[in-house]
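Content type mmCIF, N, CA and C atoms, from the file upload_16.cif:
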data_run
loop_
_atom_site.label_atom_id
_atom_site.label_comp_id
_atom_site.auth_asym_id
_atom_site.auth_seq_id
_atom_site.Cartn_x
_atom_site.Cartn_y
_atom_site.Cartn_z
N MET A 126 -5.85 -14.68 0.82
CA MET A 126 -5.13 -13.44 0.69
C MET A 126 -4.71 -13.25 -0.76
N THR A 127 -4.68 -12.01 -1.18
CA THR A 127 -4.32 -11.69 -2.56
C THR A 127 -2.86 -11.24 -2.63
N ALA A 128 -2.36 -11.16 -3.84
CA ALA A 128 -0.98 -10.72 -4.05
C ALA A 128 -0.85 -9.24 -3.74
N LEU A 129 0.33 -8.85 -3.34
CA LEU A 129 0.58 -7.45 -3.02
C LEU A 129 0.87 -6.68 -4.30
N ALA A 130 -0.07 -5.86 -4.70
CA ALA A 130 0.09 -4.98 -5.85
C ALA A 130 -0.73 -3.73 -5.58
N ARG A 131 -0.15 -2.59 -5.91
CA ARG A 131 -0.85 -1.33 -5.69
C ARG A 131 -2.00 -1.20 -6.69
N PRO A 132 -3.25 -1.07 -6.21
CA PRO A 132 -4.39 -1.02 -7.12
C PRO A 132 -4.40 0.28 -7.92
N THR A 133 -5.01 0.22 -9.09
CA THR A 133 -5.12 1.42 -9.90
C THR A 133 -6.31 2.28 -9.48
N ASP A 134 -7.27 1.68 -8.76
CA ASP A 134 -8.40 2.45 -8.25
C ASP A 134 -8.39 2.40 -6.73
N GLY A 135 -8.87 3.45 -6.09
CA GLY A 135 -8.94 3.48 -4.64
C GLY A 135 -7.66 3.93 -3.96
N ARG A 136 -6.70 4.40 -4.71
CA ARG A 136 -5.46 4.86 -4.09
C ARG A 136 -5.54 6.35 -3.83
N MET A 137 -4.85 6.79 -2.79
CA MET A 137 -4.81 8.22 -2.49
C MET A 137 -3.47 8.82 -2.91
N ILE A 138 -2.39 8.28 -2.41
CA ILE A 138 -1.07 8.79 -2.77
C ILE A 138 -0.37 7.77 -3.65
N GLY A 139 0.07 6.69 -3.06
CA GLY A 139 0.79 5.68 -3.83
C GLY A 139 0.06 4.36 -3.94
N GLY A 140 -0.97 4.18 -3.14
CA GLY A 140 -1.71 2.93 -3.17
C GLY A 140 -1.19 1.87 -2.22
N VAL A 141 -0.24 2.22 -1.37
CA VAL A 141 0.35 1.25 -0.45
C VAL A 141 -0.68 0.80 0.58
N CYS A 142 -1.39 1.74 1.19
CA CYS A 142 -2.40 1.38 2.19
C CYS A 142 -3.53 0.58 1.56
N ALA A 143 -3.92 0.92 0.35
CA ALA A 143 -4.97 0.17 -0.34
C ALA A 143 -4.51 -1.24 -0.65
N ALA A 144 -3.25 -1.41 -1.02
CA ALA A 144 -2.72 -2.75 -1.30
C ALA A 144 -2.66 -3.59 -0.03
N LEU A 145 -2.21 -3.00 1.06
CA LEU A 145 -2.15 -3.72 2.32
C LEU A 145 -3.54 -4.08 2.83
N ALA A 146 -4.49 -3.15 2.66
CA ALA A 146 -5.86 -3.41 3.09
C ALA A 146 -6.47 -4.55 2.28
N ARG A 147 -6.23 -4.56 0.99
CA ARG A 147 -6.74 -5.63 0.14
C ARG A 147 -6.11 -6.97 0.52
N ARG A 148 -4.82 -6.95 0.87
CA ARG A 148 -4.11 -8.18 1.24
C ARG A 148 -4.64 -8.77 2.54
N PHE A 149 -4.93 -7.91 3.54
CA PHE A 149 -5.35 -8.38 4.85
C PHE A 149 -6.86 -8.36 5.04
N GLY A 150 -7.62 -8.02 4.02
CA GLY A 150 -9.08 -8.09 4.08
C GLY A 150 -9.74 -7.03 4.93
N THR A 151 -9.20 -5.84 4.96
CA THR A 151 -9.80 -4.74 5.71
C THR A 151 -10.04 -3.58 4.74
N SER A 152 -10.62 -2.51 5.23
CA SER A 152 -10.88 -1.37 4.35
C SER A 152 -9.63 -0.50 4.25
N ALA A 153 -9.54 0.22 3.16
CA ALA A 153 -8.39 1.10 2.95
C ALA A 153 -8.39 2.24 3.97
N THR A 154 -9.57 2.69 4.35
CA THR A 154 -9.67 3.76 5.35
C THR A 154 -9.09 3.30 6.68
N THR A 155 -9.39 2.07 7.08
CA THR A 155 -8.84 1.54 8.33
C THR A 155 -7.33 1.48 8.27
N MET A 156 -6.79 1.03 7.16
CA MET A 156 -5.34 0.94 7.02
C MET A 156 -4.71 2.33 7.03
N ARG A 157 -5.36 3.31 6.45
CA ARG A 157 -4.84 4.68 6.46
C ARG A 157 -4.84 5.26 7.87
N VAL A 158 -5.90 4.99 8.63
CA VAL A 158 -5.96 5.46 10.01
C VAL A 158 -4.87 4.81 10.85
N ILE A 159 -4.64 3.53 10.64
CA ILE A 159 -3.56 2.83 11.36
C ILE A 159 -2.21 3.45 11.02
N PHE A 160 -1.99 3.75 9.74
CA PHE A 160 -0.73 4.36 9.33
C PHE A 160 -0.57 5.75 9.95
N LEU A 161 -1.63 6.55 9.93
CA LEU A 161 -1.53 7.89 10.51
C LEU A 161 -1.31 7.83 12.01
N ALA A 162 -1.95 6.89 12.70
CA ALA A 162 -1.73 6.72 14.13
C ALA A 162 -0.30 6.27 14.42
N SER A 163 0.26 5.44 13.54
CA SER A 163 1.63 4.99 13.76
C SER A 163 2.64 6.12 13.58
N CYS A 164 2.25 7.17 12.86
CA CYS A 164 3.15 8.30 12.67
C CYS A 164 3.36 9.08 13.96
N LEU A 165 2.49 8.88 14.95
CA LEU A 165 2.68 9.52 16.24
C LEU A 165 3.78 8.85 17.05
N LEU A 166 4.13 7.63 16.69
CA LEU A 166 5.20 6.89 17.36
C LEU A 166 6.53 7.18 16.68
N PRO A 167 7.61 7.09 17.43
CA PRO A 167 8.92 7.30 16.79
C PRO A 167 9.25 6.13 15.87
N GLY A 168 9.87 6.44 14.77
CA GLY A 168 10.27 5.40 13.84
C GLY A 168 10.24 5.89 12.40
N PRO A 169 10.67 5.04 11.49
CA PRO A 169 10.80 5.42 10.08
C PRO A 169 9.55 5.09 9.25
N GLN A 170 8.37 5.50 9.70
CA GLN A 170 7.14 5.14 8.99
C GLN A 170 7.11 5.70 7.57
N PHE A 171 7.52 6.93 7.39
CA PHE A 171 7.47 7.52 6.05
C PHE A 171 8.48 6.85 5.11
N LEU A 172 9.64 6.50 5.64
CA LEU A 172 10.62 5.79 4.82
C LEU A 172 10.11 4.41 4.43
N LEU A 173 9.43 3.75 5.35
CA LEU A 173 8.84 2.44 5.06
C LEU A 173 7.76 2.56 3.98
N TYR A 174 6.94 3.61 4.08
CA TYR A 174 5.90 3.83 3.07
C TYR A 174 6.53 4.03 1.69
N ILE A 175 7.56 4.84 1.62
CA ILE A 175 8.22 5.09 0.34
C ILE A 175 8.87 3.81 -0.19
N ALA A 176 9.47 3.02 0.69
CA ALA A 176 10.09 1.76 0.26
C ALA A 176 9.04 0.80 -0.28
N LEU A 177 7.90 0.71 0.40
CA LEU A 177 6.83 -0.17 -0.09
C LEU A 177 6.25 0.35 -1.40
N TRP A 178 6.20 1.65 -1.56
CA TRP A 178 5.70 2.26 -2.80
C TRP A 178 6.61 1.82 -3.96
N ILE A 179 7.89 1.77 -3.71
CA ILE A 179 8.84 1.37 -4.75
C ILE A 179 8.80 -0.14 -4.98
N LEU A 180 8.68 -0.91 -3.91
CA LEU A 180 8.76 -2.37 -4.02
C LEU A 180 7.49 -3.03 -4.54
N PHE A 181 6.31 -2.51 -4.16
CA PHE A 181 5.05 -3.11 -4.63
C PHE A 181 4.82 -2.71 -6.08
N PRO A 182 4.59 -3.67 -6.95
CA PRO A 182 4.31 -3.32 -8.34
C PRO A 182 2.91 -2.73 -8.48
N SER A 183 2.74 -1.94 -9.50
CA SER A 183 1.41 -1.44 -9.81
C SER A 183 0.55 -2.61 -10.30
N GLU A 184 -0.73 -2.55 -10.04
CA GLU A 184 -1.63 -3.64 -10.44
C GLU A 184 -1.58 -3.87 -11.96
N HIS A 185 -1.44 -2.80 -12.69
CA HIS A 185 -1.37 -2.90 -14.15
C HIS A 185 -0.11 -3.67 -14.57
N LYS A 186 1.02 -3.36 -13.95
CA LYS A 186 2.28 -4.06 -14.29
C LYS A 186 2.26 -5.49 -13.79
N ALA A 187 1.61 -5.75 -12.66
CA ALA A 187 1.53 -7.11 -12.13
C ALA A 187 0.70 -7.99 -13.04
N ARG A 188 -0.36 -7.44 -13.64
CA ARG A 188 -1.18 -8.21 -14.58
C ARG A 188 -0.40 -8.55 -15.84
N GLN A 189 0.44 -7.62 -16.30
CA GLN A 189 1.22 -7.87 -17.51
C GLN A 189 2.27 -8.95 -17.27
N ALA A 190 2.77 -9.03 -16.04
CA ALA A 190 3.80 -10.04 -15.72
C ALA A 190 3.22 -11.44 -15.73
N TRP A 191 1.94 -11.59 -15.45
CA TRP A 191 1.31 -12.91 -15.43
C TRP A 191 0.92 -13.25 -16.82
#

Represent the supplied structure as C-alpha cells.
Amino acid sequence: MTALARPTDGRMIGGVCAALARRFGTSATTMRVIFLASCLLPGPQFLLYIALWILFPSEHKARQAW
C-alpha cells in the first residue's frame, strides 16, 4: 500500500477518491462510484470528503516533505 496523498494527475475535484483508490489498489472510477452510491445513504459523506481533502496532503507537498 502507498502513502495517502492526493495525486496531481487523475483527480476530478480534490483527488480524494484517486488517493484512496491508489492506496487500496483499485481504479479511481470504482472509488468514485462507491462514493456516489454512498451518497444515497444517510450520513455525512460530503463532510467526510471535505475533511479528507483538507487532511490528505497534495502529492507535490508530500514529496517536498520527504

For atom CA of Tyr174 of chain A and atom CA of Ala146 of chain A, the interatomic separation in Å (one decimal) =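 Separation between atom CA of Tyr174 of chain A and atom CA of Ala146 of chain A: 13.8 Å.
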
Using all atoms of segment 143-161 of chain A that appear in the file, construct an axis-aligned enclosing box with 6 Å of padding on every side and provide its centre coordinates and edge lengths in Å, rounded to one decimal, as lines of an AutoDock Vina configuration file.
center_x = -5.7
center_y = -0.4
center_z = 5.4
size_x = 22.3
size_y = 28.7
size_z = 25.3

inquiry  = When the PyMOL selection byres (((chain A and resi 126-136 and name CA) around 12) and name CA) is applied to the structure above, which residues does it catch, written out as a PyMOL selection string?
reply    = chain A and resi 137-154+156-157+177-188+190-191

query = Please, what distance in Å, to one decimal, runs between atom CA of Phe160 of chain A and atom CA of Leu173 of chain A?
reply =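 It comes out at 10.7 Å.
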
task = Quick one: pull the distance between atom C of Pro167 of chain A and atom CA of Thr155 of chain A, Å, one decimal.
result = 20.1 Å
